[in-house]
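Data block for structure.pdb (PDB, C-alpha atoms):
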ATOM      1  CA  MET A1226      93.420  74.521 103.698
ATOM      2  CA  THR A1227      91.612  71.902 105.807
ATOM      3  CA  ASP A1228      90.550  72.250 109.436
ATOM      4  CA  ALA A1229      93.166  69.695 110.416
ATOM      5  CA  GLU A1230      95.990  71.686 108.801
ATOM      6  CA  LEU A1231      94.788  74.950 110.305
ATOM      7  CA  ALA A1232      94.335  73.384 113.748
ATOM      8  CA  THR A1233      97.839  71.943 113.599
ATOM      9  CA  GLN A1234      99.242  75.375 112.743
ATOM     10  CA  ALA A1235      97.129  76.995 115.462
ATOM     11  CA  ARG A1236      98.459  74.519 118.025
ATOM     12  CA  ALA A1237     101.963  75.482 116.942
ATOM     13  CA  GLY A1238     101.150  79.099 117.846
ATOM     14  CA  SER A1239      99.744  80.584 114.636
ATOM     15  CA  ASP A1240      97.154  83.263 115.453
ATOM     16  CA  ALA A1241      96.283  83.578 111.758
ATOM     17  CA  ALA A1242      95.376  79.890 111.554
ATOM     18  CA  PHE A1243      93.248  80.094 114.695
ATOM     19  CA  THR A1244      91.461  83.192 113.375
ATOM     20  CA  ARG A1245      90.765  81.396 110.092
ATOM     21  CA  LEU A1246      89.279  78.440 111.968
ATOM     22  CA  ILE A1247      87.020  80.668 114.033
ATOM     23  CA  GLU A1248      85.949  82.621 110.936
ATOM     24  CA  ARG A1249      85.011  79.315 109.360
ATOM     25  CA  HIS A1250      82.953  77.988 112.281
ATOM     26  CA  GLN A1251      81.648  81.056 114.117
ATOM     27  CA  ALA A1252      78.337  81.065 112.254
ATOM     28  CA  ALA A1253      77.580  77.440 113.140
ATOM     29  CA  MET A1254      78.541  77.990 116.769
ATOM     30  CA  ARG A1255      76.546  81.208 117.161
ATOM     31  CA  SER A1256      73.472  79.798 115.417
ATOM     32  CA  PHE A1257      73.620  76.760 117.703
ATOM     33  CA  LEU A1258      73.891  78.978 120.786
ATOM     34  CA  ARG A1259      71.047  81.230 119.670
ATOM     35  CA  ARG A1260      68.777  78.201 119.382
ATOM     36  CA  THR A1261      69.991  76.511 122.517
ATOM     37  CA  LEU A1262      69.961  79.517 124.830
ATOM     38  CA  GLY A1263      66.882  81.262 123.431
ATOM     39  CA  GLY A1264      66.506  84.855 124.518
ATOM     40  CA  GLY A1265      68.662  87.637 123.160
ATOM     41  CA  TRP A1266      71.293  87.032 120.525
ATOM     42  CA  ALA A1267      73.741  89.226 122.451
ATOM     43  CA  GLU A1268      73.844  86.612 125.198
ATOM     44  CA  ALA A1269      74.536  83.878 122.655
ATOM     45  CA  ASP A1270      77.382  85.943 121.180
ATOM     46  CA  ASP A1271      78.811  86.545 124.641
ATOM     47  CA  VAL A1272      78.859  82.800 125.303
ATOM     48  CA  ALA A1273      80.357  82.239 121.834
ATOM     49  CA  GLN A1274      83.217  84.638 122.636
ATOM     50  CA  GLU A1275      83.838  82.833 125.927
ATOM     51  CA  ALA A1276      83.951  79.574 123.978
ATOM     52  CA  VAL A1277      86.470  81.034 121.502
ATOM     53  CA  LEU A1278      88.652  82.181 124.398
ATOM     54  CA  THR A1279      88.509  78.753 126.039
ATOM     55  CA  ALA A1280      89.277  77.071 122.709
ATOM     56  CA  TRP A1281      92.315  79.332 122.252
ATOM     57  CA  SER A1282      93.674  78.583 125.714
ATOM     58  CA  SER A1283      93.051  74.817 125.500
ATOM     59  CA  LEU A1284      94.167  74.114 121.933
ATOM     60  CA  HIS A1285      96.768  71.713 123.316
ATOM     61  CA  ARG A1286      93.900  69.480 124.497
ATOM     62  CA  LEU A1287      92.484  69.056 120.997
ATOM     63  CA  LYS A1288      93.284  65.413 120.259
ATOM     64  CA  ASP A1289      92.002  65.025 116.693
ATOM     65  CA  ALA A1290      92.707  68.197 114.684
ATOM     66  CA  SER A1291      90.279  67.155 111.937
ATOM     67  CA  ARG A1292      87.394  67.342 114.412
ATOM     68  CA  PHE A1293      87.878  70.978 115.325
ATOM     69  CA  ARG A1294      84.247  71.889 114.567
ATOM     70  CA  SER A1295      82.695  69.359 116.941
ATOM     71  CA  TRP A1296      85.368  70.129 119.563
ATOM     72  CA  LEU A1297      84.548  73.852 119.386
ATOM     73  CA  LEU A1298      80.810  73.167 119.543
ATOM     74  CA  GLY A1299      81.432  70.921 122.556
ATOM     75  CA  ILE A1300      83.108  73.809 124.360
ATOM     76  CA  ALA A1301      80.253  76.134 123.372
ATOM     77  CA  TRP A1302      77.744  73.575 124.632
ATOM     78  CA  ARG A1303      79.425  73.336 128.047
ATOM     79  CA  LYS A1304      79.469  77.139 128.284
ATOM     80  CA  ALA A1305      75.792  77.217 127.327
ATOM     81  CA  GLN A1306      74.970  74.663 130.015
ATOM     82  CA  ASP A1307      76.725  76.837 132.601
ATOM     83  CA  ARG A1308      74.768  79.853 131.393
ATOM     84  CA  ILE A1309      71.462  77.965 131.480
ATOM     85  CA  ARG A1310      72.162  76.972 135.083
ATOM     86  CA  SER A1311      73.295  80.419 136.169
ATOM     87  CA  ALA A1312      71.055  83.028 137.722
ATOM     88  CA  ARG A1313      71.853  85.512 134.981
ATOM     89  CA  ARG A1314      68.929  84.313 132.901
ATOM     90  CA  GLY A1315      66.418  86.528 134.680
ATOM     91  CA  ALA A1316      62.825  87.277 133.881
ATOM     92  CA  THR A1317      63.663  90.938 133.222
ATOM     93  CA  ARG A1318      66.057  90.047 130.457
ATOM     94  CA  ASP A1319      63.508  87.677 128.911
ATOM     95  CA  ALA A1320      60.879  90.415 128.974
ATOM     96  CA  GLU A1321      63.244  92.840 127.225
ATOM     97  CA  TRP A1322      63.996  90.254 124.598
ATOM     98  CA  LEU A1323      60.302  89.586 123.918
ATOM     99  CA  GLU A1324      59.831  93.269 123.048
ATOM    100  CA  THR A1325      62.432  93.036 120.285
ATOM    101  CA  LEU A1326      61.126  89.792 118.839
ATOM    102  CA  GLN A1327      60.693  89.623 115.059
ATOM    103  CA  ALA A1328      59.437  86.857 112.812
ATOM    104  CA  PRO A1329      60.804  85.953 109.356
ATOM    105  CA  THR A1330      58.745  86.750 106.256
ATOM    106  CA  GLY A1331      55.829  84.389 105.757
ATOM    107  CA  VAL A1332      55.723  83.305 109.396
ATOM    108  CA  SER A1333      53.559  84.906 112.050
ATOM    109  CA  LEU A1334      54.896  86.270 115.303
ATOM    110  CA  ALA A1335      52.601  83.789 117.052
ATOM    111  CA  ASP A1336      54.438  80.920 115.360
ATOM    112  CA  ARG A1337      57.770  82.419 116.368
ATOM    113  CA  LEU A1338      56.617  82.653 119.958
ATOM    114  CA  ALA A1339      55.193  79.139 119.819
ATOM    115  CA  LEU A1340      58.511  77.786 118.536
ATOM    116  CA  ASP A1341      60.514  79.670 121.161
ATOM    117  CA  GLN A1342      58.238  78.451 123.922
ATOM    118  CA  ALA A1343      58.411  74.898 122.628
ATOM    119  CA  MET A1344      62.212  75.083 122.429
ATOM    120  CA  ALA A1345      62.366  76.561 125.938
ATOM    121  CA  GLY A1346      60.147  73.724 127.160
ATOM    122  CA  LEU A1347      62.575  71.093 125.892
ATOM    123  CA  ALA A1348      65.251  69.737 128.208
ATOM    124  CA  PRO A1349      68.627  71.382 127.443
ATOM    125  CA  ASP A1350      70.064  68.155 125.999
ATOM    126  CA  VAL A1351      67.073  67.710 123.707
ATOM    127  CA  ARG A1352      67.232  71.365 122.657
ATOM    128  CA  ALA A1353      70.902  71.058 121.785
ATOM    129  CA  CYS A1354      70.266  67.926 119.703
ATOM    130  CA  VAL A1355      67.406  69.640 117.884
ATOM    131  CA  ALA A1356      69.535  72.745 117.253
ATOM    132  CA  LEU A1357      72.371  70.745 115.748
ATOM    133  CA  CYS A1358      70.603  67.965 113.870
ATOM    134  CA  LEU A1359      67.263  69.473 112.934
ATOM    135  CA  ALA A1360      68.261  73.083 112.356
ATOM    136  CA  ASP A1361      71.880  72.779 111.215
ATOM    137  CA  GLY A1362      71.735  69.374 109.588
ATOM    138  CA  TRP A1363      74.512  67.740 111.603
ATOM    139  CA  SER A1364      74.716  63.958 111.574
ATOM    140  CA  HIS A1365      73.710  62.154 114.757
ATOM    141  CA  ALA A1366      77.256  60.859 115.116
ATOM    142  CA  GLU A1367      78.855  64.312 114.909
ATOM    143  CA  ALA A1368      76.292  65.827 117.269
ATOM    144  CA  ALA A1369      76.874  62.952 119.697
ATOM    145  CA  GLN A1370      80.587  63.715 119.664
ATOM    146  CA  ALA A1371      80.123  67.445 120.195
ATOM    147  CA  LEU A1372      77.577  67.014 122.989
ATOM    148  CA  SER A1373      79.274  64.011 124.608
ATOM    149  CA  LEU A1374      76.099  61.931 124.324
ATOM    150  CA  PRO A1375      75.580  58.406 122.961
ATOM    151  CA  PRO A1376      74.402  58.448 119.292
ATOM    152  CA  GLY A1377      71.225  56.553 120.221
ATOM    153  CA  THR A1378      70.343  59.222 122.774
ATOM    154  CA  VAL A1379      70.875  61.976 120.193
ATOM    155  CA  LYS A1380      68.607  60.165 117.762
ATOM    156  CA  SER A1381      65.801  59.778 120.305
ATOM    157  CA  HIS A1382      66.238  63.384 121.514
ATOM    158  CA  VAL A1383      65.899  64.670 117.943
ATOM    159  CA  ALA A1384      62.801  62.573 117.324
ATOM    160  CA  ARG A1385      61.210  63.721 120.576
ATOM    161  CA  GLY A1386      62.079  67.360 119.964
ATOM    162  CA  ARG A1387      60.783  67.208 116.431
ATOM    163  CA  VAL A1388      57.389  65.966 117.615
ATOM    164  CA  ARG A1389      57.164  68.730 120.221
ATOM    165  CA  LEU A1390      58.088  71.479 117.747
ATOM    166  CA  PHE A1391      55.626  70.284 115.117
ATOM    167  CA  GLU A1392      52.879  70.124 117.721
ATOM    168  CA  ALA A1393      53.688  73.690 118.738
ATOM    169  CA  LEU A1394      53.461  74.857 115.124
ATOM    170  CA  GLY A1395      50.087  73.200 114.677
ATOM    171  CA  GLY A1396      51.152  70.198 112.614
ATOM    172  CA  SER A1397      51.867  66.531 113.095
ATOM    173  CA  ASP A1398      55.235  64.868 112.709
ATOM    174  CA  ASP A1399      54.623  62.493 109.805
ATOM    175  CA  ALA A1400      58.192  62.513 108.471
TER     176      ALA A1400
ATOM    177  CA  MET B1237      52.976  77.185 104.545
ATOM    178  CA  THR B1238      53.391  73.739 106.080
ATOM    179  CA  PRO B1239      54.681  73.323 109.642
ATOM    180  CA  GLU B1240      57.899  71.910 108.182
ATOM    181  CA  GLN B1241      58.437  75.024 106.044
ATOM    182  CA  LYS B1242      57.595  77.234 109.004
ATOM    183  CA  LEU B1243      60.127  75.400 111.132
ATOM    184  CA  ALA B1244      62.802  75.739 108.439
ATOM    185  CA  ALA B1245      62.064  79.476 108.061
ATOM    186  CA  LEU B1246      62.153  80.062 111.811
ATOM    187  CA  PHE B1247      65.427  78.200 112.188
ATOM    188  CA  ALA B1248      66.926  80.029 109.195
ATOM    189  CA  HIS B1249      65.922  83.347 110.803
ATOM    190  CA  GLU B1250      68.263  82.553 113.697
ATOM    191  CA  ASP B1251      71.265  81.757 111.504
ATOM    192  CA  ALA B1252      74.305  83.891 112.283
ATOM    193  CA  PRO B1253      76.002  85.609 109.307
ATOM    194  CA  ALA B1254      78.809  83.683 107.632
ATOM    195  CA  ARG B1255      81.120  86.691 108.067
ATOM    196  CA  ASP B1256      80.954  88.990 111.062
ATOM    197  CA  LEU B1257      83.880  91.322 111.595
ATOM    198  CA  VAL B1258      82.463  92.755 114.826
ATOM    199  CA  PHE B1259      82.240  89.318 116.411
ATOM    200  CA  MET B1260      85.751  88.438 115.246
ATOM    201  CA  ALA B1261      87.118  91.729 116.606
ATOM    202  CA  MET B1262      85.444  91.187 119.988
ATOM    203  CA  ALA B1263      86.806  87.658 120.217
ATOM    204  CA  ALA B1264      90.301  88.853 119.255
ATOM    205  CA  GLN B1265      90.096  91.551 121.927
ATOM    206  CA  ARG B1266      89.283  88.973 124.615
ATOM    207  CA  ILE B1267      92.164  86.784 123.482
ATOM    208  CA  ALA B1268      94.561  89.757 123.513
ATOM    209  CA  ARG B1269      93.462  90.645 127.039
ATOM    210  CA  ARG B1270      93.950  87.058 128.226
ATOM    211  CA  ARG B1271      97.356  86.928 126.550
ATOM    212  CA  ALA B1272      98.425  90.143 128.298
ATOM    213  CA  VAL B1273      97.394  88.766 131.693
ATOM    214  CA  LEU B1274      99.208  85.482 131.013
ATOM    215  CA  SER B1275     102.349  87.376 129.958
ATOM    216  CA  VAL B1276     102.382  89.334 133.211
ATOM    217  CA  LEU B1277     101.800  86.162 135.229
ATOM    218  CA  ALA B1278     104.625  84.424 133.369
ATOM    219  CA  CYS B1279     106.995  87.256 134.388
ATOM    220  CA  LEU B1280     106.153  86.975 138.093
ATOM    221  CA  PRO B1281     108.402  83.962 138.876
ATOM    222  CA  TRP B1282     111.336  85.677 137.150
ATOM    223  CA  ALA B1283     110.742  88.849 139.141
ATOM    224  CA  LEU B1284     110.696  86.753 142.315
ATOM    225  CA  VAL B1285     113.947  85.011 141.351
ATOM    226  CA  ALA B1286     115.567  88.378 140.546
ATOM    227  CA  ALA B1287     114.502  89.755 143.942
ATOM    228  CA  VAL B1288     115.931  86.732 145.764
ATOM    229  CA  VAL B1289     119.222  86.947 143.817
ATOM    230  CA  LEU B1290     119.571  90.669 144.569
ATOM    231  CA  TRP B1291     118.828  90.038 148.236
ATOM    232  CA  ALA B1292     121.489  87.309 148.313
ATOM    233  CA  LEU B1293     124.022  89.560 146.574
ATOM    234  CA  GLN B1294     123.317  92.506 148.878
ATOM    235  CA  PRO B1295     126.538  92.220 150.979
ATOM    236  CA  MET B1296     128.627  91.974 147.811
ATOM    237  CA  LEU B1297     126.855  94.975 146.251
ATOM    238  CA  HIS B1298     127.466  97.027 149.400
ATOM    239  CA  ALA B1299     131.179  96.207 149.171
ATOM    240  CA  VAL B1300     131.269  97.190 145.488
ATOM    241  CA  ALA B1301     129.413 100.452 146.209
ATOM    242  CA  ALA B1302     131.856 101.279 148.987
ATOM    243  CA  GLY B1303     134.765 100.801 146.569
ATOM    244  CA  LEU B1304     133.281 103.087 143.934
ATOM    245  CA  GLY B1305     133.377 106.230 146.025
ATOM    246  CA  GLY B1306     130.799 108.750 144.646
ATOM    247  CA  ALA B1307     130.235 107.135 141.254
ATOM    248  CA  GLU B1308     127.141 105.051 142.120
ATOM    249  CA  PRO B1309     124.514 107.526 140.752
ATOM    250  CA  THR B1310     126.294 107.812 137.413
ATOM    251  CA  LEU B1311     126.803 104.048 137.145
ATOM    252  CA  GLY B1312     123.163 103.517 138.148
ATOM    253  CA  VAL B1313     121.897 105.747 135.326
ATOM    254  CA  VAL B1314     124.242 104.082 132.811
ATOM    255  CA  GLY B1315     123.140 100.616 133.943
ATOM    256  CA  LEU B1316     119.432 101.495 133.780
ATOM    257  CA  SER B1317     119.898 102.991 130.303
ATOM    258  CA  ALA B1318     121.635  99.819 129.137
ATOM    259  CA  VAL B1319     118.755  97.691 130.447
ATOM    260  CA  VAL B1320     116.151  99.921 128.713
ATOM    261  CA  VAL B1321     118.036  99.855 125.395
ATOM    262  CA  GLY B1322     118.446  96.072 125.637
ATOM    263  CA  MET B1323     114.730  95.590 126.350
ATOM    264  CA  ALA B1324     113.801  97.888 123.438
ATOM    265  CA  ILE B1325     115.991  95.938 120.999
ATOM    266  CA  TRP B1326     114.577  92.617 122.248
ATOM    267  CA  MET B1327     110.953  93.823 121.913
ATOM    268  CA  VAL B1328     111.500  95.266 118.424
ATOM    269  CA  ARG B1329     112.987  91.945 117.275
ATOM    270  CA  ARG B1330     110.217  89.938 118.896
ATOM    271  CA  LEU B1331     107.332  92.066 117.605
ATOM    272  CA  THR B1332     108.631  92.525 114.054
ATOM    273  CA  PRO B1333     106.813  90.078 111.730
ATOM    274  CA  GLY B1334     108.888  87.567 109.782
TER     275      GLY B1334
END

Encoded form using C-alpha coordinates:
Amino acid sequence: MTDAELATQARAGSDAAFTRLIERHQAAMRSFLRRTLGGGWAEADDVAQEAVLTAWSSLHRLKDASRFRSWLLGIAWRKAQDRIRSARRGATRDAEWLETLQAPTGVSLADRLALDQAMAGLAPDVRACVALCLADGWSHAEAAQALSLPPGTVKSHVARGRVRLFEALGGSDDA
Amino acid sequence: MTPEQKLAALFAHEDAPARDLVFMAMAAQRIARRRAVLSVLACLPWALVAAVVLWALQPMLHAVAAGLGGAEPTLGVVGLSAVVVGMAIWMVRRLTPG
(Lines of atoms letter the chains of each structure in order from A and count residues from 1; the text may use other names and numbers.)
(Lines give C-alpha, C1' and ligand atoms only; values in the text may rest on other atoms or scores of the structure.)
Protein backbone atom coordinates (compact mmCIF):
# COMPACT_ATOMS: atom_id res chain seq x y z
CA MET A 1 0.00 0.00 0.00
CA THR A 2 1.39 3.44 -0.91
CA ASP A 3 1.93 6.37 1.44
CA ALA A 4 -0.90 8.22 -0.26
CA GLU A 5 -3.38 5.40 0.35
CA LEU A 6 -2.29 4.98 3.96
CA ALA A 7 -2.39 8.74 4.59
CA THR A 8 -5.89 8.92 3.14
CA GLN A 9 -7.03 6.12 5.44
CA ALA A 10 -5.27 7.74 8.40
CA ARG A 11 -7.04 11.03 7.70
CA ALA A 12 -10.32 9.12 7.73
CA GLY A 13 -9.51 7.96 11.28
CA SER A 14 -7.60 4.70 10.80
CA ASP A 15 -5.05 4.24 13.60
CA ALA A 16 -3.65 1.16 11.85
CA ALA A 17 -2.86 3.18 8.72
CA PHE A 18 -1.20 5.93 10.74
CA THR A 19 0.87 3.38 12.67
CA ARG A 20 1.96 1.79 9.39
CA LEU A 21 3.05 5.18 8.05
CA ILE A 22 5.07 5.95 11.16
CA GLU A 23 6.65 2.47 11.11
CA ARG A 24 7.68 3.15 7.54
CA HIS A 25 9.25 6.57 8.16
CA GLN A 26 10.39 6.55 11.79
CA ALA A 27 13.93 5.48 10.93
CA ALA A 28 14.42 8.33 8.44
CA MET A 29 12.96 10.86 10.87
CA ARG A 30 15.00 9.68 13.86
CA SER A 31 18.24 9.46 11.87
CA PHE A 32 17.65 13.00 10.61
CA LEU A 33 17.02 14.26 14.15
CA ARG A 34 20.08 12.49 15.54
CA ARG A 35 22.25 14.26 12.97
CA THR A 36 20.54 17.59 13.25
CA LEU A 37 20.35 17.82 17.03
CA GLY A 38 23.66 16.14 17.86
CA GLY A 39 24.01 15.08 21.46
CA GLY A 40 22.18 12.12 22.91
CA TRP A 41 19.93 9.93 20.82
CA ALA A 42 17.32 9.94 23.59
CA GLU A 43 16.72 13.63 22.94
CA ALA A 44 16.30 12.97 19.22
CA ASP A 45 13.78 10.22 19.98
CA ASP A 46 11.89 12.52 22.33
CA VAL A 47 11.60 15.14 19.58
CA ALA A 48 10.60 12.40 17.12
CA GLN A 49 7.75 11.32 19.42
CA GLU A 50 6.59 14.93 19.71
CA ALA A 51 6.64 15.13 15.92
CA VAL A 52 4.56 11.94 15.63
CA LEU A 53 2.03 13.37 18.09
CA THR A 54 1.80 16.64 16.16
CA ALA A 55 1.46 14.74 12.88
CA TRP A 56 -1.39 12.68 14.35
CA SER A 57 -3.26 15.74 15.58
CA SER A 58 -2.76 17.75 12.37
CA LEU A 59 -3.38 15.06 9.75
CA HIS A 60 -6.24 17.16 8.40
CA ARG A 61 -3.65 19.77 7.34
CA LEU A 62 -1.77 17.34 5.11
CA LYS A 63 -2.59 18.65 1.64
CA ASP A 64 -0.82 16.12 -0.60
CA ALA A 65 -1.11 12.62 0.88
CA SER A 66 1.65 11.29 -1.39
CA ARG A 67 4.15 13.61 0.28
CA PHE A 68 3.68 12.27 3.79
CA ARG A 69 7.41 11.65 4.30
CA SER A 70 8.51 15.22 3.59
CA TRP A 71 5.52 16.57 5.56
CA LEU A 72 6.49 14.47 8.59
CA LEU A 73 10.14 15.50 8.29
CA GLY A 74 9.01 19.13 8.07
CA ILE A 75 7.20 18.77 11.39
CA ALA A 76 10.25 17.07 12.91
CA TRP A 77 12.46 19.87 11.61
CA ARG A 78 10.29 22.57 13.22
CA LYS A 79 10.36 20.64 16.51
CA ALA A 80 14.14 20.33 16.22
CA GLN A 81 14.47 24.07 15.64
CA ASP A 82 12.44 24.73 18.79
CA ARG A 83 14.66 22.34 20.72
CA ILE A 84 17.85 23.92 19.36
CA ARG A 85 16.60 27.33 20.51
CA SER A 86 15.46 26.14 23.92
CA ALA A 87 17.54 26.28 27.05
CA ARG A 88 17.24 22.54 27.55
CA ARG A 89 20.39 21.91 25.55
CA GLY A 90 22.70 22.49 28.50
CA ALA A 91 26.39 21.92 28.85
CA THR A 92 25.80 19.23 31.49
CA ARG A 93 23.80 17.12 29.09
CA ASP A 94 26.45 17.53 26.39
CA ALA A 95 29.14 16.43 28.83
CA GLU A 96 27.15 13.32 29.76
CA TRP A 97 26.68 12.50 26.11
CA LEU A 98 30.41 12.83 25.36
CA GLU A 99 31.14 10.13 27.96
CA THR A 100 28.95 7.64 26.11
CA LEU A 101 30.33 8.44 22.67
CA GLN A 102 31.30 5.50 20.46
CA ALA A 103 32.76 5.37 16.97
CA PRO A 104 31.87 2.85 14.24
CA THR A 105 34.38 0.16 13.28
CA GLY A 106 37.25 1.47 11.19
CA VAL A 107 36.79 5.07 12.31
CA SER A 108 38.61 6.66 15.22
CA LEU A 109 36.87 8.37 18.09
CA ALA A 110 38.79 11.51 17.12
CA ASP A 111 37.11 11.46 13.70
CA ARG A 112 33.73 10.99 15.35
CA LEU A 113 34.36 13.96 17.59
CA ALA A 114 35.66 16.00 14.67
CA LEU A 115 32.51 15.23 12.67
CA ASP A 116 30.22 16.06 15.59
CA GLN A 117 32.03 19.31 16.22
CA ALA A 118 31.91 20.21 12.54
CA MET A 119 28.19 19.41 12.40
CA ALA A 120 27.59 21.44 15.57
CA GLY A 121 29.50 24.33 14.00
CA LEU A 122 27.18 24.41 10.99
CA ALA A 123 24.15 26.69 11.02
CA PRO A 124 20.99 24.67 11.80
CA ASP A 125 19.65 25.08 8.24
CA VAL A 126 22.92 23.87 6.75
CA ARG A 127 23.05 20.96 9.19
CA ALA A 128 19.54 19.90 8.27
CA CYS A 129 20.35 20.02 4.55
CA VAL A 130 23.50 17.98 5.10
CA ALA A 131 21.60 15.44 7.23
CA LEU A 132 18.94 14.92 4.59
CA CYS A 133 20.85 15.18 1.33
CA LEU A 134 24.35 14.04 2.22
CA ALA A 135 23.58 11.42 4.85
CA ASP A 136 20.16 10.15 3.79
CA GLY A 137 20.40 10.73 0.06
CA TRP A 138 17.31 12.90 -0.31
CA SER A 139 16.97 14.95 -3.48
CA HIS A 140 17.44 18.70 -3.16
CA ALA A 141 13.83 19.22 -4.21
CA GLU A 142 12.41 16.90 -1.54
CA ALA A 143 14.66 18.35 1.16
CA ALA A 144 13.63 21.86 0.09
CA GLN A 145 9.99 20.89 0.52
CA ALA A 146 10.51 19.31 3.94
CA LEU A 147 12.61 22.20 5.26
CA SER A 148 10.59 24.96 3.58
CA LEU A 149 13.69 26.33 1.85
CA PRO A 150 14.27 27.24 -1.81
CA PRO A 151 15.96 24.38 -3.75
CA GLY A 152 18.90 26.64 -4.65
CA THR A 153 19.50 27.37 -0.98
CA VAL A 154 19.45 23.65 -0.15
CA LYS A 155 21.98 22.98 -2.89
CA SER A 156 24.37 25.68 -1.66
CA HIS A 157 23.90 24.60 1.98
CA VAL A 158 24.80 21.01 1.08
CA ALA A 159 27.87 22.10 -0.85
CA ARG A 160 29.02 24.35 1.99
CA GLY A 161 28.39 21.70 4.63
CA ARG A 162 30.17 19.07 2.60
CA VAL A 163 33.31 21.21 2.40
CA ARG A 164 33.26 21.84 6.15
CA LEU A 165 32.81 18.16 7.01
CA PHE A 166 35.57 17.01 4.68
CA GLU A 167 37.91 19.62 6.13
CA ALA A 168 37.10 18.35 9.62
CA LEU A 169 37.89 14.78 8.59
CA GLY A 170 41.22 15.80 7.13
CA GLY A 171 40.35 15.63 3.44
CA SER A 172 39.44 17.97 0.63
CA ASP A 173 36.10 18.10 -1.13
CA ASP A 174 37.04 17.13 -4.69
CA ALA A 175 33.70 15.53 -5.59
CA MET B 1 39.97 4.88 4.67
CA THR B 2 39.21 8.00 2.64
CA PRO B 3 37.41 10.97 4.21
CA GLU B 4 34.38 10.11 2.07
CA GLN B 5 34.28 6.55 3.44
CA LYS B 6 34.77 7.86 6.96
CA LEU B 7 31.89 10.27 6.50
CA ALA B 8 29.64 7.50 5.15
CA ALA B 9 30.57 5.21 8.08
CA LEU B 10 29.96 7.95 10.64
CA PHE B 11 26.60 8.83 9.15
CA ALA B 12 25.62 5.16 8.93
CA HIS B 13 26.50 4.77 12.63
CA GLU B 14 23.74 7.25 13.46
CA ASP B 15 21.06 5.48 11.43
CA ALA B 16 18.02 4.50 13.49
CA PRO B 17 16.83 0.87 13.18
CA ALA B 18 14.23 0.18 10.51
CA ARG B 19 11.99 -1.46 13.13
CA ASP B 20 11.81 -0.27 16.71
CA LEU B 21 8.93 -1.54 18.80
CA VAL B 22 9.92 0.51 21.86
CA PHE B 23 9.78 3.75 19.89
CA MET B 24 6.45 2.80 18.34
CA ALA B 25 5.02 1.89 21.76
CA MET B 26 6.17 5.20 23.27
CA ALA B 27 4.66 7.15 20.40
CA ALA B 28 1.39 5.21 20.69
CA GLN B 29 1.31 5.93 24.42
CA ARG B 30 1.63 9.68 23.82
CA ILE B 31 -1.14 9.56 21.23
CA ALA B 32 -3.40 7.60 23.59
CA ARG B 33 -2.79 10.15 26.34
CA ARG B 34 -3.58 13.05 24.00
CA ARG B 35 -6.71 11.27 22.79
CA ALA B 36 -7.90 10.76 26.38
CA VAL B 37 -7.42 14.45 27.17
CA LEU B 38 -9.24 15.47 23.98
CA SER B 39 -12.12 13.11 24.81
CA VAL B 40 -12.55 14.68 28.24
CA LEU B 41 -12.38 18.18 26.76
CA ALA B 42 -14.97 17.23 24.14
CA CYS B 43 -17.36 16.16 26.94
CA LEU B 44 -17.07 19.47 28.81
CA PRO B 45 -19.52 21.47 26.63
CA TRP B 46 -22.11 18.69 26.95
CA ALA B 47 -21.69 18.64 30.72
CA LEU B 48 -22.18 22.41 30.75
CA VAL B 49 -25.32 22.13 28.60
CA ALA B 50 -26.68 19.37 30.87
CA ALA B 51 -26.06 21.54 33.95
CA VAL B 52 -27.85 24.51 32.39
CA VAL B 53 -30.82 22.34 31.32
CA LEU B 54 -31.13 20.83 34.81
CA TRP B 55 -30.95 24.29 36.36
CA ALA B 56 -33.69 25.50 34.01
CA LEU B 57 -35.86 22.47 34.79
CA GLN B 58 -35.38 22.82 38.54
CA PRO B 59 -38.88 24.25 39.32
CA MET B 60 -40.50 21.49 37.25
CA LEU B 61 -38.41 18.80 38.96
CA HIS B 62 -39.39 20.15 42.39
CA ALA B 63 -43.06 19.90 41.39
CA VAL B 64 -42.59 16.32 40.16
CA ALA B 65 -40.73 15.36 43.36
CA ALA B 66 -43.52 16.83 45.47
CA GLY B 67 -46.06 14.71 43.59
CA LEU B 68 -44.13 11.49 44.10
CA GLY B 69 -44.41 11.44 47.86
CA GLY B 70 -41.57 9.27 49.31
CA ALA B 71 -40.58 7.47 46.12
CA GLU B 72 -37.72 9.77 45.02
CA PRO B 73 -34.84 7.64 46.45
CA THR B 74 -36.11 4.50 44.74
CA LEU B 75 -36.71 6.30 41.44
CA GLY B 76 -33.28 7.93 41.74
CA VAL B 77 -31.54 4.55 42.08
CA VAL B 78 -33.56 3.09 39.19
CA GLY B 79 -32.76 6.10 37.00
CA LEU B 80 -29.04 6.00 37.82
CA SER B 81 -28.94 2.25 37.11
CA ALA B 82 -30.61 2.82 33.74
CA VAL B 83 -28.03 5.47 32.84
CA VAL B 84 -25.12 3.18 33.86
CA VAL B 85 -26.51 0.23 31.87
CA GLY B 86 -27.09 2.48 28.84
CA MET B 87 -23.54 3.85 29.02
CA ALA B 88 -22.12 0.32 29.36
CA ILE B 89 -24.00 -0.90 26.28
CA TRP B 90 -22.91 2.17 24.28
CA MET B 91 -19.23 1.73 25.28
CA VAL B 92 -19.22 -2.01 24.51
CA ARG B 93 -20.65 -1.31 21.04
CA ARG B 94 -18.22 1.52 20.41
CA LEU B 95 -15.10 -0.32 21.60
CA THR B 96 -15.86 -3.66 19.95
CA PRO B 97 -13.81 -3.95 16.72
CA GLY B 98 -15.68 -4.44 13.45

Measuring between all atoms listed in the file, which one of A:Asp1289, A:Asp1307, A:Asp1270, A:Glu1230 shows the shortest distance to chain B? A:Asp1270

Would you kindly translate the PyMOL selection byres ((chain B and resi 1247-1262) around 8) into the concrete residues it picks from this file, as number ranges by chain? A: 1244, 1247-1249, 1251-1253, 1255-1256, 1259-1260, 1270, 1274, 1328-1329, 1360; B: 1243-1246, 1263-1266

Given the PyMOL selection byres ((chain A and resi 1291-1301) around 7), the residues it picks as JSON, numbers by chain: {"A": [1228, 1229, 1250, 1254, 1273, 1276, 1280, 1289, 1290, 1302, 1303, 1304, 1305, 1367, 1370, 1371, 1372]}

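Between atom CA of A:Ala1356 and atom CA of A:Arg1308 there is a distance of 16.7 Å.
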
Quick one: residues within 10 Å of A:Gly1395, only C-alpha atoms, excluding same-chain residues fewer than 5 positions away - as a ChimeraX atom specification? /A:1336,1339,1390 /B:1238-1239

Going by the chain IDs and residue numbers used in this file, which residues fall under the PyMOL selection byres ((chain A and resi 1351) around 8)? Write them as JSON, numbers by chain. {"A": [1347, 1348, 1349, 1350, 1352, 1353, 1354, 1355, 1379, 1382, 1383, 1385, 1386]}

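Here the question is which of B:Ala1278, B:Val1328, B:Ala1268, B:Ala1283 gets nearest to chain A using all atoms listed in the file, and that residue is B:Ala1268.
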
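Distances here use only C-alpha atoms; by that measure, the residue among B:Arg1330, B:Ile1267, B:Cys1279, B:Gln1241 closest to chain A is B:Ile1267.
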
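Atom CA of A:Lys1380 to atom CA of A:Leu1359 spans 10.6 Å [interatomic distance, one decimal].
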